[in-house]
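Dumped structure_32.tsv below, it's TSV, C-alpha atoms (C1' of nucleotides):
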```tsv
chain	number	residue	atom	x	y	z
W	1	MET	CA	80.80	30.26	33.15
W	2	ARG	CA	77.22	30.87	34.10
W	3	LYS	CA	76.54	32.16	37.55
W	4	PHE	CA	75.35	30.14	40.46
W	5	GLU	CA	71.90	31.73	40.52
W	6	ASP	CA	71.29	31.17	36.81
W	7	SER	CA	70.42	27.57	37.32
W	8	ILE	CA	67.05	26.35	36.21
W	9	PRO	CA	66.81	23.65	38.87
W	10	LEU	CA	67.59	26.19	41.59
W	11	GLN	CA	65.11	28.67	40.19
W	12	LEU	CA	62.46	26.00	40.07
W	13	LEU	CA	63.17	25.23	43.69
W	14	LYS	CA	62.89	28.86	44.74
W	15	ALA	CA	59.73	29.42	42.76
W	16	ARG	CA	58.22	26.37	44.35
W	17	GLU	CA	59.05	27.64	47.81
W	18	ALA	CA	57.48	30.98	46.98
W	19	THR	CA	54.25	29.41	45.79
W	20	MET	CA	54.06	26.94	48.64
W	21	SER	CA	54.25	29.76	51.16
W	22	PHE	CA	50.66	30.54	50.21
W	23	PHE	CA	49.44	27.20	51.47
W	24	ARG	CA	51.77	26.22	54.27
W	25	PRO	CA	49.94	28.13	57.01
W	26	ILE	CA	46.66	26.35	56.30
W	27	LEU	CA	48.28	22.93	56.09
W	28	GLN	CA	50.06	23.56	59.34
W	29	GLU	CA	46.77	24.46	60.93
W	30	ILE	CA	45.32	21.05	60.10
W	31	SER	CA	48.58	19.27	60.87
W	32	LEU	CA	49.11	17.78	57.45
W	33	THR	CA	52.33	17.92	55.52
W	34	GLU	CA	52.52	19.08	51.98
W	35	GLN	CA	53.02	15.52	50.75
W	36	GLN	CA	50.17	14.14	52.82
W	37	TRP	CA	47.85	16.71	51.34
W	38	ARG	CA	49.05	15.89	47.85
W	39	VAL	CA	48.16	12.26	48.42
W	40	ILE	CA	44.75	13.12	49.80
W	41	ARG	CA	44.06	15.46	46.93
W	42	ALA	CA	44.97	12.81	44.37
W	43	LEU	CA	42.81	10.17	46.02
W	44	ASN	CA	39.91	12.57	46.26
W	45	GLU	CA	40.03	12.97	42.53
W	46	TYR	CA	40.66	9.40	41.46
W	47	THR	CA	38.70	7.60	44.17
W	48	GLU	CA	40.88	4.51	44.27
W	49	LEU	CA	44.42	4.10	43.05
W	50	GLU	CA	47.18	1.55	43.16
W	51	SER	CA	50.18	2.55	45.17
W	52	LYS	CA	52.33	2.82	42.11
W	53	GLN	CA	49.92	5.06	40.23
W	54	LEU	CA	49.51	7.25	43.26
W	55	ALA	CA	53.26	7.63	43.61
W	56	GLU	CA	53.53	8.55	39.96
W	57	ARG	CA	50.83	11.18	40.10
W	58	CYS	CA	52.06	12.72	43.32
W	59	CYS	CA	55.67	12.68	42.27
W	60	ILE	CA	56.63	10.72	45.36
W	61	LEU	CA	58.93	7.70	45.27
W	62	SER	CA	57.39	4.51	46.55
W	63	PRO	CA	59.59	4.09	49.61
W	64	SER	CA	58.44	7.52	50.78
W	65	LEU	CA	54.87	6.76	49.90
W	66	THR	CA	54.87	3.66	52.07
W	67	GLY	CA	55.59	5.77	55.14
W	68	ILE	CA	53.15	8.49	54.19
W	69	ILE	CA	50.37	5.96	53.70
W	70	ASN	CA	51.20	4.28	57.00
W	71	ARG	CA	50.82	7.54	58.87
W	72	LEU	CA	47.64	8.55	57.08
W	73	GLU	CA	46.18	5.12	57.72
W	74	GLN	CA	47.10	5.49	61.39
W	75	GLN	CA	45.16	8.75	61.46
W	76	GLY	CA	42.14	7.08	59.94
W	77	LEU	CA	42.29	9.08	56.72
W	78	ILE	CA	43.19	6.35	54.27
W	79	GLN	CA	42.14	2.75	53.63
W	80	ARG	CA	44.34	0.00	52.25
W	81	ARG	CA	43.20	-3.16	50.54
W	82	LYS	CA	44.87	-5.71	48.38
W	83	SER	CA	43.84	-6.06	44.80
W	84	PRO	CA	41.73	-9.18	44.34
W	85	GLU	CA	43.24	-9.95	40.95
W	86	ASP	CA	46.84	-9.28	41.82
W	87	GLN	CA	47.95	-9.82	45.38
W	88	ARG	CA	51.01	-7.69	44.84
W	89	ARG	CA	49.07	-4.53	44.31
W	90	VAL	CA	47.67	-2.33	47.04
W	91	LEU	CA	44.57	-0.26	46.44
W	92	LEU	CA	44.23	3.00	48.32
W	93	SER	CA	41.24	5.21	48.99
W	94	LEU	CA	40.04	7.95	51.34
W	95	THR	CA	37.92	7.20	54.37
W	96	ASP	CA	34.65	9.06	54.83
W	97	GLU	CA	36.30	11.13	57.51
W	98	ALA	CA	39.00	12.16	55.07
W	99	LYS	CA	36.48	13.07	52.39
W	100	GLN	CA	34.62	15.26	54.80
W	101	MET	CA	37.82	16.91	55.97
W	102	PHE	CA	38.81	17.49	52.36
W	103	ASP	CA	35.54	19.21	51.57
W	104	GLU	CA	35.99	21.50	54.53
W	105	VAL	CA	39.58	22.50	53.91
W	106	SER	CA	39.76	22.48	50.16
W	107	PRO	CA	37.86	25.75	49.59
W	108	ARG	CA	40.30	27.66	51.76
W	109	LEU	CA	43.25	26.32	49.83
W	110	GLU	CA	41.54	27.00	46.52
W	111	ALA	CA	41.03	30.58	47.61
W	112	ARG	CA	44.73	30.92	48.35
W	113	TYR	CA	45.54	29.44	44.96
W	114	LYS	CA	43.29	31.95	43.31
W	115	ALA	CA	44.91	34.79	45.22
W	116	MET	CA	48.28	33.62	44.00
W	117	ALA	CA	47.11	33.21	40.42
W	118	GLU	CA	45.70	36.70	40.34
W	119	GLN	CA	48.98	38.18	41.46
W	120	ILE	CA	50.70	36.99	38.32
W	121	SER	CA	47.79	37.13	35.89
W	122	GLU	CA	46.04	34.29	34.18
W	123	GLU	CA	47.96	34.85	30.99
W	124	LYS	CA	51.40	34.40	32.48
W	125	LEU	CA	50.20	31.39	34.39
W	126	GLU	CA	49.14	29.81	31.14
W	127	GLN	CA	52.49	30.59	29.61
W	128	LEU	CA	54.29	29.12	32.62
W	129	ASN	CA	52.19	25.99	32.46
W	130	GLU	CA	53.21	25.51	28.88
W	131	LEU	CA	56.90	25.92	29.56
W	132	LEU	CA	56.89	23.64	32.56
W	133	SER	CA	55.13	20.94	30.57
W	134	GLU	CA	57.88	21.14	28.01
W	135	LEU	CA	60.53	20.79	30.67
W	136	CYS	CA	58.83	17.66	31.92
W	137	LYS	CA	59.18	16.06	28.52
W	138	LEU	CA	62.94	16.46	28.48
W	139	LYS	CA	64.98	13.31	28.62
W	140	PRO	CA	68.68	13.11	29.30
O	1	MET	CA	37.34	22.84	40.71
O	2	ARG	CA	40.70	22.71	39.06
O	3	LYS	CA	42.25	19.33	38.51
O	4	PHE	CA	44.91	17.78	40.64
O	5	GLU	CA	47.57	18.06	37.96
O	6	ASP	CA	46.88	21.73	37.29
O	7	SER	CA	48.81	22.83	40.31
O	8	ILE	CA	51.74	25.14	39.86
O	9	PRO	CA	53.64	23.80	42.85
O	10	LEU	CA	53.29	20.25	41.56
O	11	GLN	CA	54.31	21.26	38.08
O	12	LEU	CA	57.34	23.03	39.45
O	13	LEU	CA	58.25	19.88	41.31
O	14	LYS	CA	57.93	17.70	38.23
O	15	ALA	CA	59.87	20.10	36.06
O	16	ARG	CA	62.61	20.19	38.63
O	17	GLU	CA	62.79	16.42	38.67
O	18	ALA	CA	63.01	16.37	34.89
O	19	THR	CA	65.88	18.85	34.81
O	20	MET	CA	67.76	17.24	37.67
O	21	SER	CA	67.77	13.93	35.85
O	22	PHE	CA	70.40	15.43	33.57
O	23	PHE	CA	72.85	15.84	36.43
O	24	ARG	CA	72.06	13.08	38.88
O	25	PRO	CA	74.22	10.41	37.20
O	26	ILE	CA	77.34	12.56	37.39
O	27	LEU	CA	76.73	13.55	40.99
O	28	GLN	CA	76.19	9.95	41.91
O	29	GLU	CA	79.48	9.07	40.29
O	30	ILE	CA	81.34	11.44	42.60
O	31	SER	CA	79.20	10.53	45.61
O	32	LEU	CA	77.84	13.98	46.26
O	33	THR	CA	74.22	14.81	46.83
O	34	GLU	CA	72.44	17.51	44.96
O	35	GLN	CA	72.47	19.76	48.02
O	36	GLN	CA	76.14	19.17	48.73
O	37	TRP	CA	76.99	20.18	45.21
O	38	ARG	CA	74.85	23.28	45.50
O	39	VAL	CA	76.80	24.32	48.56
O	40	ILE	CA	80.14	23.68	46.88
O	41	ARG	CA	79.05	25.58	43.82
O	42	ALA	CA	77.99	28.57	45.87
O	43	LEU	CA	81.23	28.64	47.85
O	44	ASN	CA	83.27	28.32	44.69
O	45	GLU	CA	81.67	31.48	43.42
O	46	TYR	CA	81.65	33.57	46.61
O	47	THR	CA	84.88	32.31	48.16
O	48	GLU	CA	83.79	32.75	51.76
O	49	LEU	CA	80.27	33.04	53.13
O	50	GLU	CA	78.53	33.12	56.46
O	51	SER	CA	76.34	30.16	57.18
O	52	LYS	CA	73.22	32.25	56.98
O	53	GLN	CA	74.09	33.76	53.62
O	54	LEU	CA	75.00	30.37	52.26
O	55	ALA	CA	71.69	28.92	53.38
O	56	GLU	CA	69.85	31.79	51.74
O	57	ARG	CA	71.61	31.43	48.43
O	58	CYS	CA	71.32	27.66	48.31
O	59	CYS	CA	67.72	27.66	49.42
O	60	ILE	CA	68.53	25.34	52.28
O	61	LEU	CA	67.22	25.85	55.81
O	62	SER	CA	69.88	26.27	58.44
O	63	PRO	CA	69.17	23.08	60.36
O	64	SER	CA	69.73	21.14	57.15
O	65	LEU	CA	72.79	23.15	56.30
O	66	THR	CA	74.41	22.33	59.63
O	67	GLY	CA	74.38	18.64	58.78
O	68	ILE	CA	75.50	19.17	55.21
O	69	ILE	CA	78.44	21.26	56.34
O	70	ASN	CA	79.39	18.71	58.98
O	71	ARG	CA	79.55	15.96	56.39
O	72	LEU	CA	81.46	18.04	53.86
O	73	GLU	CA	83.92	19.09	56.55
O	74	GLN	CA	84.35	15.45	57.49
O	75	GLN	CA	85.24	14.71	53.87
O	76	GLY	CA	87.82	17.50	53.85
O	77	LEU	CA	85.94	19.60	51.31
O	78	ILE	CA	84.97	22.55	53.47
O	79	GLN	CA	86.61	24.69	56.14
O	80	ARG	CA	84.87	26.35	59.08
O	81	ARG	CA	86.10	29.33	61.04
O	82	LYS	CA	84.48	31.75	63.40
O	83	SER	CA	84.14	35.36	62.40
O	84	PRO	CA	86.68	37.48	64.28
O	85	GLU	CA	84.26	40.40	64.66
O	86	ASP	CA	81.20	38.41	65.64
O	87	GLN	CA	81.71	35.14	67.44
O	88	ARG	CA	78.20	34.02	66.57
O	89	ARG	CA	78.90	33.85	62.87
O	90	VAL	CA	80.57	30.98	61.08
O	91	LEU	CA	82.57	31.56	57.92
O	92	LEU	CA	82.71	28.79	55.36
O	93	SER	CA	85.03	28.18	52.44
O	94	LEU	CA	86.25	25.41	50.15
O	95	THR	CA	89.47	23.55	50.79
O	96	ASP	CA	92.07	23.34	48.02
O	97	GLU	CA	91.05	19.76	47.47
O	98	ALA	CA	87.46	20.83	46.93
O	99	LYS	CA	88.46	23.58	44.51
O	100	GLN	CA	90.44	21.10	42.47
O	101	MET	CA	87.59	18.63	42.48
O	102	PHE	CA	85.21	21.38	41.42
O	103	ASP	CA	87.38	22.33	38.45
O	104	GLU	CA	87.49	18.73	37.34
O	105	VAL	CA	83.80	17.96	37.63
O	106	SER	CA	82.24	21.29	36.74
O	107	PRO	CA	82.86	21.10	32.98
O	108	ARG	CA	80.99	17.84	32.73
O	109	LEU	CA	77.99	19.27	34.52
O	110	GLU	CA	78.10	22.43	32.45
O	111	ALA	CA	78.02	20.28	29.34
O	112	ARG	CA	74.90	18.54	30.57
O	113	TYR	CA	73.33	21.88	31.34
O	114	LYS	CA	74.05	23.04	27.85
O	115	ALA	CA	72.57	19.88	26.41
O	116	MET	CA	69.42	20.51	28.38
O	117	ALA	CA	69.23	24.18	27.42
O	118	GLU	CA	69.55	23.35	23.76
O	119	GLN	CA	66.64	20.95	23.92
O	120	ILE	CA	64.27	23.76	24.83
O	121	SER	CA	65.93	26.65	23.00
O	122	GLU	CA	67.61	29.67	24.48
O	123	GLU	CA	64.56	31.80	23.92
O	124	LYS	CA	62.18	29.73	25.95
O	125	LEU	CA	64.76	29.42	28.67
O	126	GLU	CA	64.90	33.18	28.89
O	127	GLN	CA	61.14	33.36	29.06
O	128	LEU	CA	61.06	30.74	31.77
O	129	ASN	CA	63.69	32.56	33.75
O	130	GLU	CA	61.57	35.67	33.67
O	131	LEU	CA	58.42	33.93	34.83
O	132	LEU	CA	60.15	32.07	37.63
O	133	SER	CA	61.69	35.29	38.88
O	134	GLU	CA	58.25	36.78	39.09
O	135	LEU	CA	56.95	33.83	41.03
O	136	CYS	CA	59.75	34.28	43.53
O	137	LYS	CA	58.61	37.81	44.24
O	138	LEU	CA	55.14	36.69	45.25
O	139	LYS	CA	54.22	37.17	48.85
O	140	PRO	CA	51.20	35.67	50.56
I	1	DA	C1'	77.28	48.33	84.16
I	2	DT	C1'	73.04	45.35	84.15
I	3	DA	C1'	69.11	43.47	82.48
I	4	DC	C1'	66.86	41.99	78.39
I	5	DA	C1'	65.62	41.59	73.72
I	6	DA	C1'	67.56	40.19	69.28
I	7	DC	C1'	70.49	37.41	66.56
I	8	DG	C1'	73.23	33.29	64.56
I	9	DG	C1'	73.99	28.52	64.97
I	10	DA	C1'	73.15	24.23	66.71
I	11	DT	C1'	70.22	20.46	68.49
I	12	DA	C1'	65.99	17.66	68.78
I	13	DA	C1'	62.08	15.27	66.87
I	14	DC	C1'	59.64	13.89	63.29
I	15	DA	C1'	58.59	13.46	58.11
I	16	DT	C1'	60.29	12.80	53.61
I	17	DA	C1'	64.04	11.87	49.70
I	18	DT	C1'	67.16	8.69	47.73
I	19	DT	C1'	69.42	4.42	46.64
I	20	DA	C1'	69.92	-0.42	47.39
I	21	DA	C1'	68.21	-4.71	48.73
I	22	DG	C1'	64.51	-7.99	50.40
I	23	DG	C1'	59.99	-10.73	50.17
I	24	DA	C1'	55.93	-12.11	48.10
I	25	DT	C1'	53.35	-12.71	43.95
I	26	DT	C1'	52.72	-13.12	39.07
I	27	DA	C1'	54.17	-13.77	34.10
I	28	DC	C1'	56.92	-16.23	30.95
I	29	DC	C1'	59.39	-19.90	28.80
I	30	DC	C1'	60.94	-24.43	27.92
P	1	DG	C1'	54.43	-27.91	35.43
P	2	DG	C1'	58.88	-26.23	37.28
P	3	DG	C1'	62.40	-23.00	36.98
P	4	DT	C1'	63.23	-18.22	36.31
P	5	DA	C1'	62.78	-13.49	35.44
P	6	DA	C1'	59.86	-9.59	36.16
P	7	DT	C1'	56.73	-6.87	39.02
P	8	DC	C1'	54.88	-4.52	43.21
P	9	DC	C1'	55.53	-3.25	47.57
P	10	DT	C1'	58.25	-2.94	51.69
P	11	DT	C1'	62.40	-2.43	54.60
P	12	DA	C1'	66.96	-0.56	55.56
P	13	DA	C1'	70.39	3.03	55.71
P	14	DT	C1'	71.73	7.52	55.10
P	15	DA	C1'	70.76	12.48	53.88
P	16	DT	C1'	67.76	16.26	53.88
P	17	DG	C1'	63.28	19.05	55.02
P	18	DT	C1'	60.54	21.23	58.59
P	19	DT	C1'	59.26	23.20	62.94
P	20	DA	C1'	60.35	24.20	67.64
P	21	DT	C1'	63.69	24.99	71.05
P	22	DC	C1'	68.17	25.84	73.18
P	23	DC	C1'	72.74	28.23	73.81
P	24	DG	C1'	76.11	31.42	73.37
P	25	DT	C1'	76.97	36.06	71.66
P	26	DT	C1'	75.89	40.75	70.54
P	27	DG	C1'	73.03	45.01	70.61
P	28	DT	C1'	70.31	48.20	73.46
P	29	DA	C1'	68.13	50.66	76.77
P	30	DT	C1'	68.02	51.98	81.40
```
Target format structure tokens, applied to this file:
Amino acid sequence: MRKFEDSIPLQLLKAREATMSFFRPILQEISLTEQQWRVIRALNEYTELESKQLAERCCILSPSLTGIINRLEQQGLIQRRKSPEDQRRVLLSLTDEAKQMFDEVSPRLEARYKAMAEQISEEKLEQLNELLSELCKLKP
Amino acid sequence: MRKFEDSIPLQLLKAREATMSFFRPILQEISLTEQQWRVIRALNEYTELESKQLAERCCILSPSLTGIINRLEQQGLIQRRKSPEDQRRVLLSLTDEAKQMFDEVSPRLEARYKAMAEQISEEKLEQLNELLSELCKLKP
DNA sequence: ATACAACGGATAACATATTAAGGATTACCC
DNA sequence: GGGTAATCCTTAATATGTTATCCGTTGTAT
């Protein structure tokens, strides 16, 4: 039988930890969790999103997202409004304060990402990207 | 600036979700969480481990592990004993009941793993393994 | 031997993950 | 148009993730 360590899910977990260690110090400095930053990053790119779409893109289940949004709203970083056409849907966007904060912090995180990317080479990163995309298409 | 989706940590997360979806139904059937199974799997292979070593191998932080062990002990699946040489250390091992349960369930999970592996081909899996190992060596 | 740093677990406090169930709104069907 | 199923979000309950701190034990130097 295959060994404990030879598990793709476990390896993915470890690799993720390794890569996240590049960013954690900065996020800790600005008192945002990894998930909160993911949400902010997504909203910065898409301007306004429905809760469901946001959850999908960030890979966060909606019950978790509810709490995350609540806390970010509390901190004045996110705005909520109901969709005019469909009262069930919630539209989310960044506040001006959040946009400004994003512009300040983002370059530092990008620099860390670049530092990481250079350590493995652009070529391997490309290759990894390809393989991970394939994994995502798998269906049980 | 690179797009939101072009983030290695996020891609690792999504890929992990995709692969775990192969196993989740079975784990749910036997009422064990992903982390609990990881712990059982590790102990099945190494017989007896210190808490710290177990945490390391399973990629679980020790505060989380404490709770996981408590619950597994409660269910009669794990035994705790203090190291005779060093009273600080805790030695963990599976109960007979857990070993039996493992032998029953493991084949089903292995079959799912195989099904997953075949969908991407052994070759790509090897390649992926290699790249993930490299990622794990990265240090900020 | 004594003081003190270092270590291994455990606890605390908060944030998130996961599954199930609830409440409000909308779409569908007869 | 009224009943009903489907949809989106939220709440609830339990488990885990994350950081900081505490507590008992061991190592170490004086």
Legend entry - Spatial neighbours of DG24 in chain P, 12 Å, all atoms listed in the file, chain gap at least 3 places, as a PyMOL selection string: (chain O and resi 86-89) or (chain I and resi 7-10)
Could you fit chain W onto chain O with a least-squares superposition over all C-alpha atoms, matched one to one in order, and give me the transformed chain as a compact mmCIF listing (two decimals) with C-alpha atoms, in the coordinates of the input?
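Listing of selection31.txt after writing:
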```txt
# COMPACT_ATOMS: atom_id res chain seq x y z
CA MET W 1 37.33 22.81 40.69
CA ARG W 2 40.70 22.69 39.06
CA LYS W 3 42.25 19.32 38.52
CA PHE W 4 44.92 17.76 40.62
CA GLU W 5 47.59 18.05 37.94
CA ASP W 6 46.91 21.73 37.28
CA SER W 7 48.82 22.80 40.30
CA ILE W 8 51.74 25.13 39.87
CA PRO W 9 53.65 23.79 42.86
CA LEU W 10 53.29 20.24 41.57
CA GLN W 11 54.33 21.25 38.08
CA LEU W 12 57.35 23.02 39.46
CA LEU W 13 58.26 19.88 41.32
CA LYS W 14 57.94 17.70 38.23
CA ALA W 15 59.87 20.11 36.06
CA ARG W 16 62.61 20.19 38.63
CA GLU W 17 62.82 16.42 38.68
CA ALA W 18 63.03 16.37 34.90
CA THR W 19 65.88 18.85 34.81
CA MET W 20 67.75 17.25 37.67
CA SER W 21 67.78 13.93 35.85
CA PHE W 22 70.41 15.44 33.59
CA PHE W 23 72.85 15.85 36.44
CA ARG W 24 72.07 13.08 38.88
CA PRO W 25 74.21 10.43 37.19
CA ILE W 26 77.34 12.57 37.39
CA LEU W 27 76.72 13.57 40.99
CA GLN W 28 76.17 9.96 41.90
CA GLU W 29 79.46 9.09 40.28
CA ILE W 30 81.34 11.45 42.59
CA SER W 31 79.19 10.54 45.58
CA LEU W 32 77.85 13.99 46.25
CA THR W 33 74.23 14.82 46.83
CA GLU W 34 72.44 17.51 44.97
CA GLN W 35 72.48 19.76 48.03
CA GLN W 36 76.15 19.17 48.73
CA TRP W 37 76.98 20.18 45.20
CA ARG W 38 74.84 23.28 45.50
CA VAL W 39 76.80 24.31 48.56
CA ILE W 40 80.12 23.67 46.87
CA ARG W 41 79.05 25.58 43.80
CA ALA W 42 77.99 28.58 45.87
CA LEU W 43 81.23 28.63 47.84
CA ASN W 44 83.26 28.32 44.68
CA GLU W 45 81.67 31.48 43.43
CA TYR W 46 81.65 33.56 46.59
CA THR W 47 84.88 32.30 48.16
CA GLU W 48 83.79 32.75 51.75
CA LEU W 49 80.29 33.05 53.12
CA GLU W 50 78.55 33.15 56.45
CA SER W 51 76.36 30.19 57.17
CA LYS W 52 73.24 32.26 56.95
CA GLN W 53 74.10 33.77 53.58
CA LEU W 54 75.01 30.38 52.24
CA ALA W 55 71.70 28.94 53.37
CA GLU W 56 69.86 31.79 51.73
CA ARG W 57 71.62 31.43 48.42
CA CYS W 58 71.32 27.67 48.30
CA CYS W 59 67.72 27.67 49.41
CA ILE W 60 68.53 25.36 52.30
CA LEU W 61 67.25 25.92 55.83
CA SER W 62 69.93 26.34 58.43
CA PRO W 63 69.22 23.17 60.39
CA SER W 64 69.77 21.19 57.19
CA LEU W 65 72.83 23.20 56.33
CA THR W 66 74.45 22.38 59.65
CA GLY W 67 74.39 18.68 58.80
CA ILE W 68 75.49 19.20 55.23
CA ILE W 69 78.45 21.28 56.34
CA ASN W 70 79.38 18.72 58.98
CA ARG W 71 79.55 15.97 56.39
CA LEU W 72 81.45 18.05 53.86
CA GLU W 73 83.90 19.10 56.55
CA GLN W 74 84.34 15.45 57.49
CA GLN W 75 85.23 14.72 53.87
CA GLY W 76 87.80 17.48 53.86
CA LEU W 77 85.94 19.60 51.32
CA ILE W 78 84.95 22.54 53.48
CA GLN W 79 86.60 24.69 56.15
CA ARG W 80 84.86 26.33 59.07
CA ARG W 81 86.07 29.31 61.05
CA LYS W 82 84.46 31.72 63.40
CA SER W 83 84.14 35.32 62.43
CA PRO W 84 86.67 37.41 64.33
CA GLU W 85 84.27 40.32 64.72
CA ASP W 86 81.21 38.35 65.67
CA GLN W 87 81.69 35.07 67.46
CA ARG W 88 78.20 33.97 66.55
CA ARG W 89 78.90 33.81 62.87
CA VAL W 90 80.58 30.95 61.08
CA LEU W 91 82.57 31.56 57.93
CA LEU W 92 82.71 28.79 55.36
CA SER W 93 85.03 28.19 52.45
CA LEU W 94 86.25 25.41 50.14
CA THR W 95 89.46 23.54 50.79
CA ASP W 96 92.05 23.32 48.04
CA GLU W 97 91.03 19.74 47.47
CA ALA W 98 87.45 20.83 46.93
CA LYS W 99 88.46 23.57 44.51
CA GLN W 100 90.43 21.11 42.47
CA MET W 101 87.58 18.62 42.48
CA PHE W 102 85.21 21.38 41.41
CA ASP W 103 87.37 22.33 38.47
CA GLU W 104 87.46 18.74 37.33
CA VAL W 105 83.77 17.98 37.61
CA SER W 106 82.23 21.29 36.75
CA PRO W 107 82.85 21.12 32.98
CA ARG W 108 80.97 17.85 32.72
CA LEU W 109 77.99 19.27 34.52
CA GLU W 110 78.10 22.44 32.45
CA ALA W 111 78.02 20.31 29.33
CA ARG W 112 74.90 18.54 30.58
CA TYR W 113 73.32 21.89 31.35
CA LYS W 114 74.05 23.06 27.86
CA ALA W 115 72.56 19.89 26.40
CA MET W 116 69.42 20.51 28.39
CA ALA W 117 69.24 24.17 27.42
CA GLU W 118 69.55 23.36 23.76
CA GLN W 119 66.65 20.95 23.93
CA ILE W 120 64.27 23.73 24.84
CA SER W 121 65.92 26.63 23.02
CA GLU W 122 67.60 29.64 24.49
CA GLU W 123 64.56 31.78 23.89
CA LYS W 124 62.16 29.70 25.94
CA LEU W 125 64.74 29.40 28.67
CA GLU W 126 64.89 33.16 28.87
CA GLN W 127 61.14 33.36 29.03
CA LEU W 128 61.04 30.72 31.77
CA ASN W 129 63.67 32.55 33.75
CA GLU W 130 61.56 35.66 33.65
CA LEU W 131 58.42 33.92 34.82
CA LEU W 132 60.14 32.07 37.61
CA SER W 133 61.69 35.29 38.88
CA GLU W 134 58.24 36.77 39.07
CA LEU W 135 56.96 33.82 41.03
CA CYS W 136 59.76 34.29 43.52
CA LYS W 137 58.61 37.81 44.22
CA LEU W 138 55.14 36.70 45.25
CA LYS W 139 54.21 37.18 48.85
CA PRO W 140 51.22 35.66 50.57
```
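Shortest separation to Thr33 in chain O among P:DT14, P:DT7, P:DT26, P:DG1 occurs at residue P:DT14, atoms counted being all atoms listed in the file.
Residues in contact with DA15 in chain I at 12 Å, where only C-alpha atoms (C1' of nucleotides) are counted and same-chain residues fewer than 3 positions away are skipped, are listed as W:Ser31, W:Leu32, W:Thr33, W:Glu34, W:Gln35, W:Gln36, W:Ser64, W:Leu65, W:Gly67, W:Ile68, W:Ile69, W:Asn70, W:Arg71, P:DT16, P:DG17, P:DT18, P:DT19.
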Selection to disk with C-alpha atoms (C1' of nucleotides), as a short mmCIF file (atom, residue, chain, number, x, y, z; two decimals), in the coordinates of the input:
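Output contents, as saved in part30.cif:
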```cif
data_model
loop_
_atom_site.label_atom_id
_atom_site.label_comp_id
_atom_site.auth_asym_id
_atom_site.auth_seq_id
_atom_site.Cartn_x
_atom_site.Cartn_y
_atom_site.Cartn_z
CA SER W 31 48.58 19.27 60.87
CA LEU W 32 49.11 17.78 57.45
CA THR W 33 52.33 17.92 55.52
CA GLU W 34 52.52 19.08 51.98
CA GLN W 35 53.02 15.52 50.75
CA GLN W 36 50.17 14.14 52.82
CA SER W 64 58.44 7.52 50.78
CA LEU W 65 54.87 6.76 49.90
CA GLY W 67 55.59 5.77 55.14
CA ILE W 68 53.15 8.49 54.19
CA ILE W 69 50.37 5.96 53.70
CA ASN W 70 51.20 4.28 57.00
CA ARG W 71 50.82 7.54 58.87
"C1'" DT P 16 67.76 16.26 53.88
"C1'" DG P 17 63.28 19.05 55.02
"C1'" DT P 18 60.54 21.23 58.59
"C1'" DT P 19 59.26 23.20 62.94
#
```
Listing only residues of chain I within 8 Å of chain W, what is the closest atom pair and its distance in Å (to one decimal) for each, using only C-alpha atoms (C1' of nucleotides), sorted by chain and residue number ascending, as CSV?
```
residue,atom,partner,partner_atom,distance
I:DT16,C1',W:Ser64,CA,6.3
I:DA17,C1',W:Ser64,CA,7.2
I:DA24,C1',W:Arg88,CA,7.4
I:DT25,C1',W:Arg88,CA,5.6
I:DT26,C1',W:Asp86,CA,7.5
```
